[in-house]
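Chemist: The structure under discussion is supplied below as structure tokens; questions concerning it will follow.
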Amino acid sequence: MNSVAAPDLSQLKSVLKSTWIAGDFGQVARHTAVTAQEFIDRTPIQPGMRVLDIACGTGNTAIPAAKTGAQVTGIDIAPNLLAQARDWASRENLTIRFDEGDAEELPYPDQSFDVVLTMFGAMFAPRPDRVAAEILRVCKPGGHIAMANWTPQGFVGKSFQVTAKIAPPPPGIQPPVLWGEENVVRQRFGSGVSHLTTTKQLAQFSYPYDAKGMVDFFRKYFGPTQSAFARLDESGQAALAAQLEALWKEHNTATDGGTRVAAEYLDVHATKA
């Protein structure tokens, strides 16, 4: 069972919120915009449908979903990311509702949405069973559920494992990459879905930096990496930087001095029972 002691839950949520507010995730998200568009292209969204994007961040999936003509709502725990999403939607002349809120306690009535989706987002909430229950609750019967979750075996999963080994996360958090295991996803949704398929997909990371530059980039802009380094003393920070740099070097296929890495994720599509 995944459980977080009630007295600690508020503190844990506060830590997680602070983590995602830290840095500037928009700098990271723009490098996966193409992957987000591909994810939306594989999701059966039609004009007029009501779509919920959980842990929407800066709008990577909400924006292309809205361009289909759907009525899109995005929700995220971090207000600064929502501010960027609203600015982006405004520049695109799109009407999207962006709410601050928790993936484990969605502020929407039962059966509100035709499509419920989340990309590299809801997987980070500390109580995955609550996340699954909330996704099922707000999705209409026969509606579509879509998730994109980093796998344990992929590059991002490996980077999380390296980080967690040297700078353990706060207690009460299950490894987010368990959402990248098909059997775990099936167990969590259970009889709440009538049909579920998964495929392995690759997100292409392309940056103009070398391995050291990649570590510096994520340390500056990616809240979870920034938070992990902050939990370490000077020697711990040096050790973490060295291991992450080695991982980037190992997976880099670029030959021009930059970095190009293919990061595996699990593409989940299901029908609400």
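Each chain in the structure tokens gets a letter, A, B, ..., in the order shown, and its residues are numbered from 1; ligands are numbered from 1 in order too.
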Sort by chain and increasing residue number a table of all residues of stretch 160-200 of chain A within 7 Å of stretch 135-149 of chain A, each with its closest pair of atoms and their distance in Å to one decimal, counting only C-alpha atoms, and write it as CSV.
Modeler:
residue,atom,partner,partner_atom,distance
A:Val177,CA,A:Asn149,CA,6.9
A:Trp179,CA,A:Asn149,CA,5.9
A:Gly180,CA,A:Asn149,CA,5.0
A:Gly192,CA,A:Leu136,CA,6.5
Chemist: Any chance you can output those residues with C-alpha atoms as a PDB file, in the first residue's frame?
Modeler:
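Once everything was written out, this is out-v8.pdb:
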ATOM      1  CA  VAL A 177       8.762   6.039 -12.403  1.00  0.00           C
ATOM      2  CA  TRP A 179       3.958   4.855 -13.297  1.00  0.00           C
ATOM      3  CA  GLY A 180       6.205   3.837 -16.197  1.00  0.00           C
ATOM      4  CA  GLY A 192     -12.039   1.490 -13.498  1.00  0.00           C
TER       5      GLY A 192
END
Chemist: Can you tell me which residues surround stretch 98-108 of chain A at a distance of at most 8 Å, considering only C-alpha atoms, apart from same-chain residues fewer than 6 positions away, and format the answer as a PDB file with N, CA and C atoms, in the first residue's frame?
Modeler:
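The result, stored in selection.pdb:
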ATOM      1  N   ILE A  54      -3.878  17.365 -16.311  1.00  0.00           N
ATOM      2  CA  ILE A  54      -3.460  17.345 -14.915  1.00  0.00           C
ATOM      3  C   ILE A  54      -1.956  17.556 -14.813  1.00  0.00           C
ATOM      4  N   ALA A  55      -1.547  18.413 -13.871  1.00  0.00           N
ATOM      5  CA  ALA A  55      -0.140  18.799 -13.730  1.00  0.00           C
ATOM      6  C   ALA A  55       0.353  19.370 -15.056  1.00  0.00           C
ATOM      7  N   THR A  73      -9.089  22.548 -19.784  1.00  0.00           N
ATOM      8  CA  THR A  73      -8.775  23.025 -18.444  1.00  0.00           C
ATOM      9  C   THR A  73      -7.439  22.418 -18.035  1.00  0.00           C
ATOM     10  N   GLY A  74      -6.548  23.247 -17.534  1.00  0.00           N
ATOM     11  CA  GLY A  74      -5.282  22.756 -17.017  1.00  0.00           C
ATOM     12  C   GLY A  74      -5.187  23.035 -15.529  1.00  0.00           C
ATOM     13  N   ILE A  75      -4.600  22.100 -14.793  1.00  0.00           N
ATOM     14  CA  ILE A  75      -4.440  22.286 -13.352  1.00  0.00           C
ATOM     15  C   ILE A  75      -3.019  21.923 -12.951  1.00  0.00           C
ATOM     16  N   ASP A  76      -2.436  22.714 -12.047  1.00  0.00           N
ATOM     17  CA  ASP A  76      -1.071  22.449 -11.600  1.00  0.00           C
ATOM     18  C   ASP A  76      -0.901  22.994 -10.188  1.00  0.00           C
ATOM     19  N   ILE A  77       0.074  22.432  -9.480  1.00  0.00           N
ATOM     20  CA  ILE A  77       0.337  22.826  -8.097  1.00  0.00           C
ATOM     21  C   ILE A  77       1.164  24.108  -7.994  1.00  0.00           C
ATOM     22  N   ALA A  78       1.843  24.468  -9.089  1.00  0.00           N
ATOM     23  CA  ALA A  78       2.796  25.587  -9.053  1.00  0.00           C
ATOM     24  C   ALA A  78       2.231  26.825  -9.753  1.00  0.00           C
ATOM     25  N   PRO A  79       1.958  27.892  -9.018  1.00  0.00           N
ATOM     26  CA  PRO A  79       1.342  29.083  -9.629  1.00  0.00           C
ATOM     27  C   PRO A  79       2.231  29.767 -10.660  1.00  0.00           C
ATOM     28  N   LEU A  82       1.719  28.072 -13.951  1.00  0.00           N
ATOM     29  CA  LEU A  82       0.418  28.436 -14.505  1.00  0.00           C
ATOM     30  C   LEU A  82       0.452  29.830 -15.118  1.00  0.00           C
ATOM     31  N   ALA A  85       1.812  29.432 -18.460  1.00  0.00           N
ATOM     32  CA  ALA A  85       0.830  28.786 -19.329  1.00  0.00           C
ATOM     33  C   ALA A  85      -0.218  29.791 -19.802  1.00  0.00           C
ATOM     34  N   ARG A  86      -0.677  30.641 -18.884  1.00  0.00           N
ATOM     35  CA  ARG A  86      -1.679  31.654 -19.260  1.00  0.00           C
ATOM     36  C   ARG A  86      -1.105  32.636 -20.284  1.00  0.00           C
ATOM     37  N   ALA A 122       1.346  14.076 -13.376  1.00  0.00           N
ATOM     38  CA  ALA A 122       0.664  13.441 -12.248  1.00  0.00           C
ATOM     39  C   ALA A 122       1.488  12.302 -11.646  1.00  0.00           C
ATOM     40  N   ALA A 125       2.967  12.993  -8.096  1.00  0.00           N
ATOM     41  CA  ALA A 125       2.172  13.135  -6.875  1.00  0.00           C
ATOM     42  C   ALA A 125       2.497  11.979  -5.927  1.00  0.00           C
ATOM     43  N   ARG A 127       0.791  10.185  -3.724  1.00  0.00           N
ATOM     44  CA  ARG A 127      -0.147   9.083  -3.475  1.00  0.00           C
ATOM     45  C   ARG A 127      -0.774   8.641  -4.799  1.00  0.00           C
ATOM     46  N   ARG A 130      -4.465   7.656  -5.108  1.00  0.00           N
ATOM     47  CA  ARG A 130      -5.389   8.794  -5.093  1.00  0.00           C
ATOM     48  C   ARG A 130      -5.449   9.465  -6.454  1.00  0.00           C
ATOM     49  N   VAL A 131      -4.305   9.561  -7.118  1.00  0.00           N
ATOM     50  CA  VAL A 131      -4.261  10.137  -8.464  1.00  0.00           C
ATOM     51  C   VAL A 131      -5.122   9.321  -9.418  1.00  0.00           C
ATOM     52  N   GLU A 134      -8.807   9.818  -8.712  1.00  0.00           N
ATOM     53  CA  GLU A 134      -9.301  11.121  -9.144  1.00  0.00           C
ATOM     54  C   GLU A 134      -9.430  11.205 -10.668  1.00  0.00           C
ATOM     55  N   VAL A 138     -13.235  11.984 -12.382  1.00  0.00           N
ATOM     56  CA  VAL A 138     -13.634  13.154 -13.180  1.00  0.00           C
ATOM     57  C   VAL A 138     -13.827  12.824 -14.661  1.00  0.00           C
TER      58      VAL A 138
END
Chemist: From the set A:Gly190, A:Pro126, A:Gly236, A:Gly154, which residue has the shortest atom-to-atom contact distance to A:Ile166, counting only C-alpha atoms?
Modeler: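 Closest to A:Ile166, using only C-alpha atoms: A:Gly236.
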Chemist: What separation in Å, quoted to one decimal, exists between atom CA of A:Pro171 and atom CA of A:Asp53?
Modeler: 27.3 Å
Chemist: Counting only C-alpha atoms, what are the residues of stretch 57-166 of chain A within 10 Å of stretch 28-49 of chain A, and for each of them which pair of atoms is the nearest and at what distance in Å, to one decimal? Sort the table by chain and rising number, as JSON lines.
Modeler:
{"residue": "A:Gly57", "atom": "CA", "partner": "A:Ala29", "partner_atom": "CA", "distance": 8.2}
{"residue": "A:Thr58", "atom": "CA", "partner": "A:Ala29", "partner_atom": "CA", "distance": 7.3}
{"residue": "A:Gly59", "atom": "CA", "partner": "A:Ala29", "partner_atom": "CA", "distance": 8.8}
{"residue": "A:Asn60", "atom": "CA", "partner": "A:Ala33", "partner_atom": "CA", "distance": 5.8}
{"residue": "A:Thr61", "atom": "CA", "partner": "A:Ala36", "partner_atom": "CA", "distance": 5.5}
{"residue": "A:Ala62", "atom": "CA", "partner": "A:Ile40", "partner_atom": "CA", "distance": 8.9}
{"residue": "A:Ile63", "atom": "CA", "partner": "A:Gln37", "partner_atom": "CA", "distance": 9.0}
{"residue": "A:Pro64", "atom": "CA", "partner": "A:Gln37", "partner_atom": "CA", "distance": 6.2}
{"residue": "A:Ala65", "atom": "CA", "partner": "A:Ile40", "partner_atom": "CA", "distance": 6.3}
{"residue": "A:Ala66", "atom": "CA", "partner": "A:Pro47", "partner_atom": "CA", "distance": 8.7}
{"residue": "A:Lys67", "atom": "CA", "partner": "A:Pro47", "partner_atom": "CA", "distance": 8.9}
{"residue": "A:Thr68", "atom": "CA", "partner": "A:Pro47", "partner_atom": "CA", "distance": 5.8}
{"residue": "A:Gly69", "atom": "CA", "partner": "A:Pro47", "partner_atom": "CA", "distance": 4.1}
{"residue": "A:Ala70", "atom": "CA", "partner": "A:Pro47", "partner_atom": "CA", "distance": 4.6}
{"residue": "A:Gln71", "atom": "CA", "partner": "A:Met49", "partner_atom": "CA", "distance": 5.9}
{"residue": "A:Val72", "atom": "CA", "partner": "A:Met49", "partner_atom": "CA", "distance": 8.1}
{"residue": "A:Phe113", "atom": "CA", "partner": "A:Met49", "partner_atom": "CA", "distance": 7.7}
{"residue": "A:Asp114", "atom": "CA", "partner": "A:Met49", "partner_atom": "CA", "distance": 5.9}
{"residue": "A:Val115", "atom": "CA", "partner": "A:Ile45", "partner_atom": "CA", "distance": 7.2}
{"residue": "A:Leu117", "atom": "CA", "partner": "A:Thr43", "partner_atom": "CA", "distance": 8.8}
{"residue": "A:Thr118", "atom": "CA", "partner": "A:Phe39", "partner_atom": "CA", "distance": 9.9}
{"residue": "A:Met119", "atom": "CA", "partner": "A:Ala36", "partner_atom": "CA", "distance": 7.5}
{"residue": "A:Phe120", "atom": "CA", "partner": "A:Ala36", "partner_atom": "CA", "distance": 9.7}
{"residue": "A:Gly143", "atom": "CA", "partner": "A:Pro44", "partner_atom": "CA", "distance": 9.9}
{"residue": "A:His144", "atom": "CA", "partner": "A:Pro44", "partner_atom": "CA", "distance": 7.6}
{"residue": "A:Ile145", "atom": "CA", "partner": "A:Thr43", "partner_atom": "CA", "distance": 8.7}
{"residue": "A:Ala146", "atom": "CA", "partner": "A:Thr43", "partner_atom": "CA", "distance": 7.0}
{"residue": "A:Met147", "atom": "CA", "partner": "A:Phe39", "partner_atom": "CA", "distance": 8.8}
{"residue": "A:Ala148", "atom": "CA", "partner": "A:Phe39", "partner_atom": "CA", "distance": 7.7}
Chemist: Rank nothing, just name the residue among A:Thr255, A:Thr163, A:Gln153, A:Thr197 nearest to A:Gln237, using only C-alpha atoms.
Modeler: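 Using only C-alpha atoms, A:Gln237 sits closest to A:Thr163.
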Chemist: So which one's closest to A:Lys272, A:Gln27, A:Lys212, A:Ser18, A:Val193? Using only C-alpha atoms, please.
Modeler: A:Val193
Chemist: What's the 7 Å shell around A:Lys200, counting only C-alpha atoms, without same-chain residues fewer than 6 positions away, as a list of chain:residue names?
Modeler: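 Here the qualifying residues turn out to be A:Glu264, A:Tyr265, A:Leu266, A:Asp267.
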Chemist: Quick one: residues within 12 Å of A:Phe229, only C-alpha atoms, excluding same-chain residues fewer than 6 positions away - as a list in words?
Modeler: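 Here the qualifying residues turn out to be Thr19, Thr163, Ala164, Ile166, Ala167, Pro168, Pro169, Val215, Asp216, Phe218, Arg219, Lys220, Phe222, Gly223, Ser235, Gly236, Gln237, Ala238, Ala239, Leu240, Ala241 and Leu244 of chain A.
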Chemist: Select from stretch 33-271 of chain A everything DSSP, run on the backbone, classes as strand (DSSP E or B), then give the selection as a PDB file with C-alpha atoms, in the first residue's frame.
Modeler:
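Saved as states.pdb:
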ATOM      1  CA  ARG A  50     -14.014  18.843 -22.470  1.00  0.00           C
ATOM      2  CA  VAL A  51     -10.357  18.052 -21.746  1.00  0.00           C
ATOM      3  CA  LEU A  52      -8.505  18.125 -18.425  1.00  0.00           C
ATOM      4  CA  ASP A  53      -4.709  18.379 -18.372  1.00  0.00           C
ATOM      5  CA  ILE A  54      -3.460  17.345 -14.915  1.00  0.00           C
ATOM      6  CA  GLN A  71     -12.529  23.072 -24.236  1.00  0.00           C
ATOM      7  CA  VAL A  72      -9.378  22.654 -22.162  1.00  0.00           C
ATOM      8  CA  THR A  73      -8.775  23.025 -18.444  1.00  0.00           C
ATOM      9  CA  GLY A  74      -5.282  22.756 -17.017  1.00  0.00           C
ATOM     10  CA  ILE A  75      -4.440  22.286 -13.352  1.00  0.00           C
ATOM     11  CA  ASP A  76      -1.071  22.449 -11.600  1.00  0.00           C
ATOM     12  CA  ARG A  97      -8.899  27.662 -17.997  1.00  0.00           C
ATOM     13  CA  PHE A  98      -5.861  27.213 -15.759  1.00  0.00           C
ATOM     14  CA  ASP A  99      -6.442  26.360 -12.093  1.00  0.00           C
ATOM     15  CA  GLU A 100      -4.058  25.982  -9.185  1.00  0.00           C
ATOM     16  CA  ASP A 102      -3.697  19.173  -6.483  1.00  0.00           C
ATOM     17  CA  GLU A 105      -7.866  16.374  -4.904  1.00  0.00           C
ATOM     18  CA  PHE A 113     -14.407  15.534 -18.785  1.00  0.00           C
ATOM     19  CA  ASP A 114     -14.396  13.590 -22.048  1.00  0.00           C
ATOM     20  CA  VAL A 115     -10.595  13.313 -21.971  1.00  0.00           C
ATOM     21  CA  VAL A 116      -8.282  13.349 -18.953  1.00  0.00           C
ATOM     22  CA  LEU A 117      -4.585  13.513 -19.730  1.00  0.00           C
ATOM     23  CA  THR A 118      -1.265  14.090 -18.033  1.00  0.00           C
ATOM     24  CA  MET A 119       2.258  14.158 -19.432  1.00  0.00           C
ATOM     25  CA  CYS A 139     -13.618  11.218 -16.487  1.00  0.00           C
ATOM     26  CA  LYS A 140     -16.952  10.430 -18.124  1.00  0.00           C
ATOM     27  CA  PRO A 141     -17.877   6.768 -18.685  1.00  0.00           C
ATOM     28  CA  GLY A 142     -16.494   5.866 -22.093  1.00  0.00           C
ATOM     29  CA  GLY A 143     -14.117   8.820 -21.882  1.00  0.00           C
ATOM     30  CA  HIS A 144     -10.436   8.666 -22.721  1.00  0.00           C
ATOM     31  CA  ILE A 145      -7.536   8.641 -20.259  1.00  0.00           C
ATOM     32  CA  ALA A 146      -4.012   9.357 -21.534  1.00  0.00           C
ATOM     33  CA  MET A 147      -0.752   9.409 -19.604  1.00  0.00           C
ATOM     34  CA  ALA A 148       2.908   9.796 -20.540  1.00  0.00           C
ATOM     35  CA  ASN A 149       5.188   8.521 -17.769  1.00  0.00           C
ATOM     36  CA  TRP A 150       8.958   8.170 -17.662  1.00  0.00           C
ATOM     37  CA  VAL A 193     -11.043   1.137 -17.139  1.00  0.00           C
ATOM     38  CA  SER A 194     -12.527  -1.177 -19.748  1.00  0.00           C
ATOM     39  CA  HIS A 195      -9.579  -1.029 -22.113  1.00  0.00           C
ATOM     40  CA  LEU A 196      -5.945  -0.072 -21.582  1.00  0.00           C
ATOM     41  CA  THR A 197      -2.996  -0.109 -23.961  1.00  0.00           C
ATOM     42  CA  THR A 198       0.601   0.926 -23.417  1.00  0.00           C
ATOM     43  CA  THR A 199       3.478   1.542 -25.818  1.00  0.00           C
ATOM     44  CA  LYS A 200       7.061   2.613 -25.260  1.00  0.00           C
ATOM     45  CA  GLN A 201       7.862   5.958 -26.869  1.00  0.00           C
ATOM     46  CA  LEU A 202      10.989   8.116 -27.033  1.00  0.00           C
ATOM     47  CA  ALA A 203      11.325  11.787 -26.195  1.00  0.00           C
ATOM     48  CA  GLN A 204      14.258  13.363 -28.008  1.00  0.00           C
ATOM     49  CA  PHE A 205      16.304  15.741 -25.884  1.00  0.00           C
ATOM     50  CA  SER A 206      18.450  18.103 -27.931  1.00  0.00           C
ATOM     51  CA  TYR A 207      20.579  20.776 -26.262  1.00  0.00           C
ATOM     52  CA  PHE A 222      14.664  21.979 -12.952  1.00  0.00           C
ATOM     53  CA  THR A 259      23.804  16.743 -26.338  1.00  0.00           C
ATOM     54  CA  ARG A 260      21.179  14.520 -27.910  1.00  0.00           C
ATOM     55  CA  VAL A 261      19.542  11.832 -25.795  1.00  0.00           C
ATOM     56  CA  ALA A 262      16.524   9.600 -26.444  1.00  0.00           C
ATOM     57  CA  ALA A 263      14.484   9.259 -23.232  1.00  0.00           C
ATOM     58  CA  GLU A 264      11.989   6.414 -22.976  1.00  0.00           C
ATOM     59  CA  TYR A 265       8.491   6.895 -21.595  1.00  0.00           C
ATOM     60  CA  LEU A 266       5.338   4.788 -21.340  1.00  0.00           C
ATOM     61  CA  ASP A 267       2.424   6.031 -23.426  1.00  0.00           C
ATOM     62  CA  VAL A 268      -0.822   4.977 -21.722  1.00  0.00           C
ATOM     63  CA  HIS A 269      -4.288   5.121 -23.268  1.00  0.00           C
ATOM     64  CA  ALA A 270      -7.391   3.788 -21.556  1.00  0.00           C
ATOM     65  CA  THR A 271     -11.184   3.937 -21.746  1.00  0.00           C
TER      66      THR A 271
END
Chemist: Could you please write out, as JSON, numbers by chain, every residue of stretch 22-270 of chain A that DSSP assigns to alpha helix (DSSP H)?
Modeler: {"A": [25, 26, 27, 28, 29, 33, 34, 35, 36, 37, 38, 39, 40, 41, 62, 63, 64, 65, 66, 79, 80, 81, 82, 83, 84, 85, 86, 87, 88, 89, 90, 91, 128, 129, 130, 131, 132, 133, 134, 135, 136, 137, 138, 155, 156, 157, 158, 159, 160, 161, 162, 163, 164, 165, 166, 182, 183, 184, 185, 186, 187, 188, 189, 211, 212, 213, 214, 215, 216, 217, 218, 219, 220, 221, 223, 224, 225, 226, 227, 228, 229, 230, 234, 235, 236, 237, 238, 239, 240, 241, 242, 243, 244, 245, 246, 247, 248, 249, 250, 251]}
Chemist: Between atom CA of A:Phe155 and atom CA of A:Gln174, what is the spacing in Å?
Modeler: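 Atom-to-atom, atom CA of A:Gln174 to atom CA of A:Phe155, that is 18.5 Å.
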